[in-house]
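> So that you have it, the file is start.cif, and it contains mmCIF, C-alpha atoms and all ligand atoms:
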data_target
loop_
_atom_site.label_atom_id
_atom_site.label_comp_id
_atom_site.auth_asym_id
_atom_site.auth_seq_id
_atom_site.Cartn_x
_atom_site.Cartn_y
_atom_site.Cartn_z
CA MET A 1 6.66 -21.99 -4.17
CA LYS A 2 4.24 -24.10 -2.16
CA SER A 3 0.62 -23.39 -1.35
CA ASN A 4 1.08 -23.63 2.43
CA GLN A 5 3.66 -20.83 2.53
CA PRO A 6 2.57 -17.41 3.88
CA ILE A 7 1.95 -14.12 2.05
CA GLY A 8 4.53 -11.44 2.90
CA ILE A 9 3.31 -7.84 2.89
CA PHE A 10 5.33 -4.73 3.62
CA ASP A 11 5.05 -0.97 3.89
CA SER A 12 6.87 1.83 5.68
CA GLY A 13 4.31 1.72 8.49
CA ILE A 14 0.59 1.23 9.04
CA GLY A 15 -0.50 2.04 5.47
CA GLY A 16 0.00 -1.46 4.13
CA LEU A 17 -2.37 -2.75 6.80
CA THR A 18 -5.19 -1.43 4.59
CA VAL A 19 -3.99 -3.83 1.89
CA ALA A 20 -3.38 -6.68 4.36
CA LYS A 21 -6.94 -6.29 5.60
CA ALA A 22 -8.35 -6.49 2.07
CA VAL A 23 -6.21 -9.60 1.44
CA LYS A 24 -7.45 -11.32 4.60
CA LYS A 25 -11.03 -10.43 3.73
CA ILE A 26 -11.03 -12.28 0.42
CA LEU A 27 -8.33 -14.84 1.25
CA PRO A 28 -9.02 -15.73 4.90
CA GLN A 29 -7.29 -19.09 4.55
CA GLU A 30 -3.93 -17.42 3.83
CA SER A 31 -1.45 -16.58 6.59
CA VAL A 32 0.09 -13.14 6.41
CA ILE A 33 3.49 -11.94 7.54
CA TYR A 34 3.46 -8.15 7.72
CA PHE A 35 6.47 -5.89 8.04
CA GLY A 36 6.18 -2.15 8.78
CA ASP A 37 9.49 -0.37 8.37
CA THR A 38 8.66 2.21 11.01
CA ALA A 39 12.34 2.98 11.63
CA HIS A 40 12.55 4.54 8.15
CA LEU A 41 9.11 6.06 7.85
CA PRO A 42 8.13 8.07 5.84
CA TYR A 43 9.44 6.50 2.64
CA GLY A 44 7.85 9.27 0.58
CA ASP A 45 10.60 11.76 1.43
CA LYS A 46 13.51 9.33 0.98
CA SER A 47 15.73 8.96 -2.08
CA THR A 48 15.02 6.22 -4.59
CA ALA A 49 18.31 4.52 -3.65
CA ALA A 50 17.39 4.43 0.05
CA ILE A 51 13.93 2.98 -0.62
CA GLN A 52 15.47 0.37 -2.91
CA ALA A 53 17.95 -0.66 -0.20
CA TYR A 54 15.20 -0.96 2.43
CA SER A 55 12.89 -2.88 0.08
CA VAL A 56 15.47 -5.47 -0.95
CA ARG A 57 16.38 -6.00 2.66
CA ILE A 58 12.76 -6.52 3.67
CA ALA A 59 12.22 -8.88 0.72
CA GLU A 60 15.13 -10.95 2.00
CA MET A 61 13.59 -11.08 5.46
CA LEU A 62 10.22 -12.19 4.01
CA LEU A 63 11.96 -14.87 1.94
CA LYS A 64 13.57 -16.16 5.14
CA HIS A 65 10.03 -16.50 6.48
CA ARG A 66 9.30 -18.67 3.41
CA CYS A 67 6.77 -16.31 1.82
CA LYS A 68 5.36 -17.48 -1.52
CA VAL A 69 4.30 -13.94 -2.39
CA ILE A 70 5.88 -10.58 -1.52
CA LEU A 71 3.35 -7.81 -1.80
CA ILE A 72 4.82 -4.31 -1.80
CA ALA A 73 1.89 -2.60 -0.10
CA CYS A 74 3.39 0.84 -0.53
CA ASN A 75 3.15 3.10 -3.55
CA SER A 76 6.47 4.81 -2.81
CA ALA A 77 8.32 1.48 -2.67
CA SER A 78 6.35 0.20 -5.67
CA SER A 79 7.50 3.29 -7.62
CA ALA A 80 11.11 3.07 -6.51
CA ALA A 81 11.81 -0.61 -6.15
CA TYR A 82 9.31 -2.97 -7.83
CA GLU A 83 11.62 -3.93 -10.73
CA LEU A 84 14.63 -4.28 -8.46
CA VAL A 85 12.82 -6.43 -5.89
CA THR A 86 11.32 -8.59 -8.66
CA GLU A 87 14.77 -9.16 -10.09
CA TYR A 88 16.28 -9.82 -6.67
CA VAL A 89 13.60 -12.30 -5.63
CA GLY A 90 13.67 -14.13 -8.96
CA LYS A 91 11.84 -17.45 -8.88
CA ARG A 92 11.86 -17.69 -5.09
CA ALA A 93 8.49 -15.88 -4.74
CA LYS A 94 6.00 -13.88 -6.77
CA VAL A 95 6.30 -10.12 -6.29
CA PHE A 96 3.23 -7.86 -6.44
CA ASP A 97 3.12 -4.10 -6.31
CA VAL A 98 0.15 -1.77 -5.78
CA ILE A 99 0.56 0.26 -8.99
CA ASN A 100 0.07 -2.32 -11.76
CA PRO A 101 -3.30 -3.66 -10.47
CA THR A 102 -4.51 -0.04 -10.05
CA VAL A 103 -3.50 0.86 -13.60
CA ASP A 104 -5.33 -2.29 -14.80
CA PHE A 105 -8.41 -1.07 -12.95
CA ILE A 106 -8.11 2.36 -14.63
CA ARG A 107 -7.76 0.68 -18.03
CA GLU A 108 -10.97 -1.28 -17.50
CA ASN A 109 -13.09 1.48 -15.96
CA HIS A 110 -11.83 4.98 -16.68
CA HIS A 111 -11.16 5.69 -20.34
CA ASN A 112 -11.71 9.30 -21.43
CA ASP A 113 -11.69 10.29 -17.76
CA ILE A 114 -9.98 13.09 -15.85
CA VAL A 115 -8.10 11.13 -13.20
CA GLY A 116 -6.33 12.68 -10.23
CA LEU A 117 -3.82 11.09 -7.90
CA ILE A 118 -2.60 12.08 -4.47
CA GLY A 119 0.53 10.41 -3.11
CA THR A 120 3.92 10.95 -1.56
CA LYS A 121 6.66 13.07 -3.13
CA GLN A 122 8.41 9.88 -4.23
CA THR A 123 5.31 8.43 -5.90
CA VAL A 124 4.47 11.66 -7.73
CA SER A 125 8.00 12.57 -8.81
CA ALA A 126 8.87 9.04 -9.96
CA GLY A 127 6.02 9.39 -12.47
CA VAL A 128 5.32 5.65 -12.73
CA TYR A 129 1.54 6.14 -12.65
CA ALA A 130 1.76 8.98 -15.20
CA LYS A 131 3.85 6.85 -17.57
CA LYS A 132 1.71 3.70 -17.26
CA ILE A 133 -1.56 5.62 -17.63
CA ALA A 134 -0.20 7.47 -20.70
CA GLU A 135 0.80 4.10 -22.19
CA LEU A 136 -2.83 2.95 -21.95
CA ASP A 137 -3.52 5.48 -24.73
CA GLN A 138 -7.13 5.89 -23.56
CA ASN A 139 -7.50 9.65 -23.65
CA ILE A 140 -7.08 9.97 -19.89
CA ASP A 141 -6.19 13.39 -18.52
CA PHE A 142 -3.98 12.57 -15.52
CA LYS A 143 -3.15 15.04 -12.72
CA ALA A 144 -0.96 14.21 -9.73
CA LEU A 145 -0.35 16.09 -6.50
CA ALA A 146 2.17 15.30 -3.76
CA THR A 147 0.53 15.48 -0.32
CA PRO A 148 3.45 14.84 2.04
CA LEU A 149 1.80 15.90 5.30
CA LEU A 150 -0.80 13.14 5.15
CA VAL A 151 1.39 10.16 6.11
CA PRO A 152 2.90 11.71 9.28
CA MET A 153 -0.57 12.98 10.17
CA ILE A 154 -2.10 9.50 9.87
CA GLU A 155 0.83 7.78 11.61
CA GLU A 156 0.32 10.20 14.51
CA GLY A 157 -3.31 9.12 14.69
CA ILE A 158 -4.54 12.56 13.65
CA TYR A 159 -7.65 11.96 11.57
CA GLU A 160 -11.37 12.63 11.75
CA ASP A 161 -10.77 15.92 13.51
CA GLU A 162 -10.49 19.62 12.63
CA ILE A 163 -6.73 19.49 11.96
CA SER A 164 -6.98 16.63 9.47
CA LYS A 165 -10.03 18.22 7.85
CA ASN A 166 -8.09 21.46 7.25
CA ILE A 167 -5.01 19.72 5.88
CA ILE A 168 -7.08 17.49 3.57
CA SER A 169 -9.10 20.49 2.30
CA LYS A 170 -5.93 22.48 1.64
CA TYR A 171 -4.52 19.71 -0.53
CA LEU A 172 -7.73 18.76 -2.38
CA ASN A 173 -8.40 22.42 -3.09
CA ASP A 174 -5.10 22.70 -4.99
CA SER A 175 -5.48 24.00 -8.55
CA VAL A 176 -3.72 20.87 -9.89
CA LEU A 177 -6.77 18.78 -9.00
CA VAL A 178 -9.41 21.09 -10.44
CA GLY A 179 -11.94 19.26 -12.62
CA ILE A 180 -10.98 15.67 -11.75
CA LYS A 181 -13.74 13.06 -11.99
CA SER A 182 -11.93 10.32 -10.06
CA LEU A 183 -9.12 10.31 -7.53
CA ILE A 184 -6.59 7.53 -6.98
CA LEU A 185 -5.52 7.19 -3.37
CA GLY A 186 -1.89 6.75 -4.41
CA CYS A 187 -0.64 5.93 -0.94
CA THR A 188 -1.75 2.95 1.10
CA HIS A 189 -2.11 5.14 4.18
CA TYR A 190 -4.89 7.20 2.60
CA PRO A 191 -7.79 4.70 2.82
CA ILE A 192 -7.66 5.46 6.56
CA ILE A 193 -8.83 9.03 5.73
CA GLN A 194 -11.07 7.97 2.86
CA LYS A 195 -14.24 9.10 4.62
CA GLU A 196 -12.86 12.61 5.11
CA ILE A 197 -11.83 12.78 1.45
CA LYS A 198 -15.34 11.70 0.40
CA ASP A 199 -16.89 14.22 2.80
CA TYR A 200 -14.79 17.00 1.23
CA TYR A 201 -16.25 16.33 -2.23
CA ASN A 202 -19.76 15.68 -0.88
CA ASP A 203 -19.73 19.05 0.90
CA LEU A 204 -18.87 20.70 -2.43
CA ASN A 205 -21.50 18.62 -4.24
CA GLU A 206 -18.83 17.32 -6.59
CA ALA A 207 -19.09 13.76 -7.89
CA VAL A 208 -15.54 12.46 -7.63
CA GLU A 209 -15.06 8.69 -7.52
CA ILE A 210 -12.46 7.64 -4.97
CA ILE A 211 -10.22 4.79 -6.15
CA ASP A 212 -8.85 2.77 -3.26
CA SER A 213 -6.64 0.09 -4.74
CA ALA A 214 -6.59 -2.26 -1.71
CA ASP A 215 -9.45 -4.44 -2.99
CA THR A 216 -8.12 -4.40 -6.56
CA VAL A 217 -4.69 -5.53 -5.37
CA ALA A 218 -6.20 -8.27 -3.20
CA LYS A 219 -8.25 -9.55 -6.17
CA ALA A 220 -5.17 -9.61 -8.42
CA LEU A 221 -3.42 -11.68 -5.75
CA ARG A 222 -6.36 -14.09 -5.49
CA SER A 223 -6.43 -14.59 -9.27
CA PHE A 224 -2.71 -15.37 -9.26
CA LEU A 225 -3.02 -17.90 -6.42
CA GLU A 226 -6.04 -19.59 -7.98
CA TYR A 227 -4.54 -19.73 -11.47
CA ASN A 228 -1.29 -21.20 -10.15
CA GLN A 229 -2.99 -23.53 -7.65
CA LEU A 230 -1.18 -21.84 -4.81
CA CYS A 231 -4.17 -21.22 -2.48
CA ASN A 232 -3.47 -22.52 0.99
CA ARG A 233 -5.32 -25.71 1.81
CA SER A 234 -3.56 -26.49 5.09
CA GLU A 235 -4.49 -25.17 8.51
CA VAL A 236 -4.15 -21.37 8.77
CA THR A 237 -1.34 -20.30 11.07
CA ASP A 238 -1.53 -17.00 12.98
CA ASP A 239 -0.71 -13.83 11.08
CA LYS A 240 2.51 -12.18 12.23
CA PHE A 241 3.24 -8.48 12.44
CA TYR A 242 6.77 -7.11 12.62
CA VAL A 243 8.15 -3.58 12.80
CA SER A 244 11.68 -2.22 12.62
CA ASP A 245 10.89 0.24 15.42
CA PHE A 246 8.08 -0.25 17.90
CA THR A 247 5.50 2.57 17.82
CA ASP A 248 2.27 2.93 19.80
CA SER A 249 0.37 4.03 16.73
CA PHE A 250 1.38 0.90 14.83
CA GLU A 251 0.17 -1.33 17.65
CA ARG A 252 -3.06 0.62 18.03
CA THR A 253 -3.90 0.55 14.32
CA THR A 254 -2.97 -3.10 13.94
CA LYS A 255 -5.30 -4.01 16.78
CA THR A 256 -8.07 -1.83 15.33
CA PHE A 257 -7.71 -3.64 12.01
CA PHE A 258 -7.03 -7.18 13.15
CA GLY A 259 -8.33 -7.50 16.69
CA GLU A 260 -6.81 -7.67 20.13
CA LYS A 261 -4.87 -10.89 19.73
CA VAL A 262 -2.38 -9.41 17.27
CA HIS A 263 1.18 -10.45 18.03
CA LEU A 264 3.55 -7.57 17.27
CA GLU A 265 7.30 -7.97 17.36
CA GLN A 266 10.20 -5.65 16.72
CA ILE A 267 13.00 -7.18 14.69
CA PRO A 268 16.38 -5.56 14.35
CA ILE A 269 16.98 -6.38 10.70
CA TRP A 270 18.64 -3.05 10.10
CA ASP A 271 21.78 -3.56 12.13
CA GLU A 272 24.13 -3.43 9.17
CA LEU A 273 22.29 -0.66 7.38
CA THR A 274 21.67 1.94 10.05
N1 LIG B 1 2.09 3.91 2.48
C1 LIG B 1 3.15 4.34 1.66
C2 LIG B 1 2.79 4.61 0.25
O1 LIG B 1 1.87 3.98 -0.24
C3 LIG B 1 4.31 5.01 2.27
C4 LIG B 1 4.17 6.36 2.72
C5 LIG B 1 5.43 6.88 3.32
O2 LIG B 1 6.08 6.17 4.10
O3 LIG B 1 5.79 8.03 3.00
O4 LIG B 1 3.41 5.41 -0.44
#
Rewrite the structure of this file - the entire thing - as structure tokens.

Amino acid sequence: MKSNQPIGIFDSGIGGLTVAKAVKKILPQESVIYFGDTAHLPYGDKSTAAIQAYSVRIAEMLLKHRCKVILIACNSASSAAYELVTEYVGKRAKVFDVINPTVDFIRENHHNDIVGLIGTKQTVSAGVYAKKIAELDQNIDFKALATPLLVPMIEEGIYEDEISKNIISKYLNDSVLVGIKSLILGCTHYPIIQKEIKDYYNDLNEAVEIIDSADTVAKALRSFLEYNQLCNRSEVTDDKFYVSDFTDSFERTTKTFFGEKVHLEQIPIWDELT
């Protein structure tokens, strides 16, 4: 691994852009290569085996682009494939997921708390958060709810309107989440609707802390780079954004997050798989 190599980040679609943005904010000297696997979105409804196959394939593509770090900016892929990707990549790059830094954050800030999580079906049924939080042994009451309509809704650009407000209320009103004091946004798409989630609790006058792991993950990455003297000191090259299937919403959101001069390319890395 060399300091002038880029950071590879992937997700099923636009969700991981929330993490990429947090990374660029605190590590502006790093170049990012982003891959959104829009051809297979949503990951949350796919089998573990399918998500593992996609993730390994994307890791290989990011290694070909000489990435020093592969950041799995997707909770569903982190749940299903973090160990496998780490093993596959070996010493060629450092692999980060979004779950471990979030659990570290919970360990430091939320003992004796009632913590809720919303995420995809994959993230909730895999139970990785539940297991890791139980292992902290910090008297945390953990409650998780699958909210599968949220990713397609966000990918379709439906947010900050009546439809999204109703869907979000329906989920947050679920009896599973009654009494929570903090809520993990267990899907990297959800920071995009963070304001609406906050508004829901504000309207009810309930103090629920919203935990968006993007900043926590970015800080964990910065600590790793600093500790291992892997921070880029050469000239920054342009960030690159790739998708497996071109979508308008991906282009729109990428430009909203990173400005008009974003270069978006579709790469057919799925030929043998699809
Ligand atoms: N953003 C992803 C996650 O964090 C993926 C959602 C999906 O594709 O279903 O889980």
> Identify the residues within 12 Å of coordinate (-7.7, 7.3, 2.1) (same frame as the file), considering only C-alpha atoms, and give the answer as a ChimeraX atom specification.
/A:15-16,18-19,117-119,147,150-151,154,159-160,164,168,183-199,210-214
> Please list as an NGL selection string every residue within 9 Å of stretch 93-101 of chain A, counting only C-alpha atoms and excluding residues in the same chain fewer than 2 positions away.
:A and (1 or 19 or 63 or 66-75 or 77-79 or 82 or 85-86 or 89-91 or 103-106 or 128-129 or 132 or 186 or 188 or 213-214 or 216-217 or 219-221)
> What's the 10 Å shell around A:Ala126, counting only C-alpha atoms, without same-chain residues fewer than 4 positions away, as a ChimeraX atom specification?
/A:48,76,79-80,120-122,130-131
> Please determine, counting only C-alpha atoms and all ligand atoms, which residue among A:Asn232, A:Ser249, A:Ser223, A:Thr123 has the shortest atom-to-atom distance to ligand LIG 1 (chain B).
A:Thr123
> Ranking A:Gly44, A:Lys21, A:Gly36, A:Leu230 by minimum distance to A:Pro152 and counting only C-alpha atoms, which one comes first?
A:Gly44
> Which is closer to ligand LIG 1 (chain B) than all the others in A:Val178, A:Ala134, A:Leu149, A:Val236, using only C-alpha atoms and all ligand atoms?
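Once distances to ligand LIG 1 (chain B) are computed over only C-alpha atoms and all ligand atoms, the minimum belongs to A:Leu149.
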> Quick check, in Å to one decimal: how far apart do atom O4 of ligand LIG 1 (chain B) and atom CA of A:Lys170 lie?
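These two atoms are separated by 19.6 Å.
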> Using atom CA of A:Asp37 and atom CA of A:Asp239 as the two end points, give the distance in Å to one decimal.
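Result for atom CA of A:Asp37 versus atom CA of A:Asp239: 17.1 Å, one decimal.
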> Write out as a ChimeraX atom specification each polymer residue whose atoms come within 8 Å of A:Val176, counting only C-alpha atoms; drop sequence neighbours fewer than 4 positions from it.
/A:143-145
> Just checking: using only C-alpha atoms, which residue out of A:Ile163, A:Leu264, A:Ala50, A:Ile180 ends up closest to A:Ala207?
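Smallest separation from A:Ala207 among the options: A:Ile180.
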> In Å, how far is it from atom C4 of ligand LIG 1 (chain B) to atom CA of A:Asp161?
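Atom CA of A:Asp161 lies 20.8 Å from atom C4 of ligand LIG 1 (chain B).
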> Between A:Gln138, A:Thr256, A:Gln29, A:Ser3, which has the minimum distance to A:Gly157 (counting only C-alpha atoms)?
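Distance minimum relative to A:Gly157 lands on A:Thr256.
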> Taking the structure in the block just given, could you write stretch 107-119 of chain A with all heavy atoms, as a compact mmCIF listing (two decimals), in the first residue's frame?

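The result, stored in selection-v9.txt:
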# COMPACT_ATOMS: atom_id res chain seq x y z
N ARG A 107 -20.28 1.94 21.79
CA ARG A 107 -19.56 1.52 23.00
C ARG A 107 -19.10 2.75 23.80
O ARG A 107 -19.19 2.79 25.02
CB ARG A 107 -18.33 0.67 22.62
CG ARG A 107 -17.65 0.08 23.85
CD ARG A 107 -16.35 -0.63 23.53
NE ARG A 107 -15.43 0.26 22.85
CZ ARG A 107 -14.81 -0.03 21.72
NH1 ARG A 107 -14.98 -1.20 21.14
NH2 ARG A 107 -14.00 0.84 21.17
N GLU A 108 -18.64 3.77 23.08
CA GLU A 108 -18.11 4.95 23.77
C GLU A 108 -19.20 5.88 24.30
O GLU A 108 -18.97 6.63 25.24
CB GLU A 108 -17.17 5.72 22.84
CG GLU A 108 -15.79 5.06 22.76
CD GLU A 108 -15.07 5.39 21.47
OE1 GLU A 108 -15.34 6.45 20.89
OE2 GLU A 108 -14.25 4.55 21.04
N ASN A 109 -20.36 5.87 23.68
CA ASN A 109 -21.35 6.92 24.00
C ASN A 109 -22.72 6.46 24.48
O ASN A 109 -23.53 7.30 24.86
CB ASN A 109 -21.58 7.79 22.75
CG ASN A 109 -20.30 8.45 22.28
OD1 ASN A 109 -19.84 9.40 22.90
ND2 ASN A 109 -19.72 7.94 21.22
N HIS A 110 -23.02 5.18 24.40
CA HIS A 110 -24.41 4.79 24.63
C HIS A 110 -24.64 3.65 25.60
O HIS A 110 -25.60 2.88 25.42
CB HIS A 110 -25.09 4.48 23.28
CG HIS A 110 -25.32 5.71 22.46
ND1 HIS A 110 -26.44 6.49 22.57
CD2 HIS A 110 -24.53 6.32 21.56
CE1 HIS A 110 -26.34 7.53 21.76
NE2 HIS A 110 -25.19 7.45 21.13
N HIS A 111 -23.79 3.49 26.62
CA HIS A 111 -24.10 2.39 27.55
C HIS A 111 -25.40 2.66 28.29
O HIS A 111 -25.81 3.81 28.46
CB HIS A 111 -22.97 2.07 28.54
CG HIS A 111 -21.84 3.03 28.57
ND1 HIS A 111 -21.53 3.77 29.65
CD2 HIS A 111 -20.96 3.37 27.60
CE1 HIS A 111 -20.51 4.53 29.38
NE2 HIS A 111 -20.15 4.33 28.15
N ASN A 112 -26.04 1.59 28.69
CA ASN A 112 -27.34 1.64 29.40
C ASN A 112 -28.43 2.34 28.58
O ASN A 112 -29.38 2.86 29.13
CB ASN A 112 -27.24 2.37 30.75
CG ASN A 112 -26.16 1.77 31.62
OD1 ASN A 112 -26.06 0.56 31.68
ND2 ASN A 112 -25.34 2.60 32.24
N ASP A 113 -28.30 2.34 27.29
CA ASP A 113 -29.24 3.08 26.45
C ASP A 113 -30.26 2.12 25.82
O ASP A 113 -30.08 0.91 25.81
CB ASP A 113 -28.44 3.80 25.34
CG ASP A 113 -29.19 4.97 24.74
OD1 ASP A 113 -30.35 5.20 25.14
OD2 ASP A 113 -28.63 5.64 23.87
N ILE A 114 -31.34 2.71 25.31
CA ILE A 114 -32.27 1.92 24.48
C ILE A 114 -32.02 2.37 23.05
O ILE A 114 -32.33 3.50 22.68
CB ILE A 114 -33.74 2.16 24.87
CG1 ILE A 114 -33.92 1.95 26.39
CG2 ILE A 114 -34.65 1.21 24.09
CD1 ILE A 114 -35.30 2.36 26.89
N VAL A 115 -31.36 1.51 22.29
CA VAL A 115 -30.89 1.89 20.95
C VAL A 115 -31.72 1.20 19.88
O VAL A 115 -31.85 -0.03 19.88
CB VAL A 115 -29.39 1.51 20.78
CG1 VAL A 115 -28.90 1.85 19.38
CG2 VAL A 115 -28.53 2.19 21.84
N GLY A 116 -32.26 1.98 18.95
CA GLY A 116 -32.98 1.41 17.83
C GLY A 116 -32.12 1.42 16.58
O GLY A 116 -31.11 2.13 16.50
N LEU A 117 -32.51 0.60 15.62
CA LEU A 117 -31.83 0.62 14.32
C LEU A 117 -32.87 0.43 13.23
O LEU A 117 -33.77 -0.39 13.37
CB LEU A 117 -30.79 -0.50 14.24
CG LEU A 117 -30.14 -0.70 12.85
CD1 LEU A 117 -28.63 -0.91 12.97
CD2 LEU A 117 -30.74 -1.89 12.10
N ILE A 118 -32.76 1.22 12.17
CA ILE A 118 -33.54 0.93 10.97
C ILE A 118 -32.56 0.60 9.86
O ILE A 118 -31.47 1.19 9.78
CB ILE A 118 -34.49 2.09 10.57
CG1 ILE A 118 -33.75 3.45 10.53
CG2 ILE A 118 -35.70 2.16 11.49
CD1 ILE A 118 -34.60 4.59 9.95
N GLY A 119 -32.92 -0.38 9.05
CA GLY A 119 -32.01 -0.81 7.98
C GLY A 119 -32.73 -1.69 6.99
O GLY A 119 -33.96 -1.85 7.07
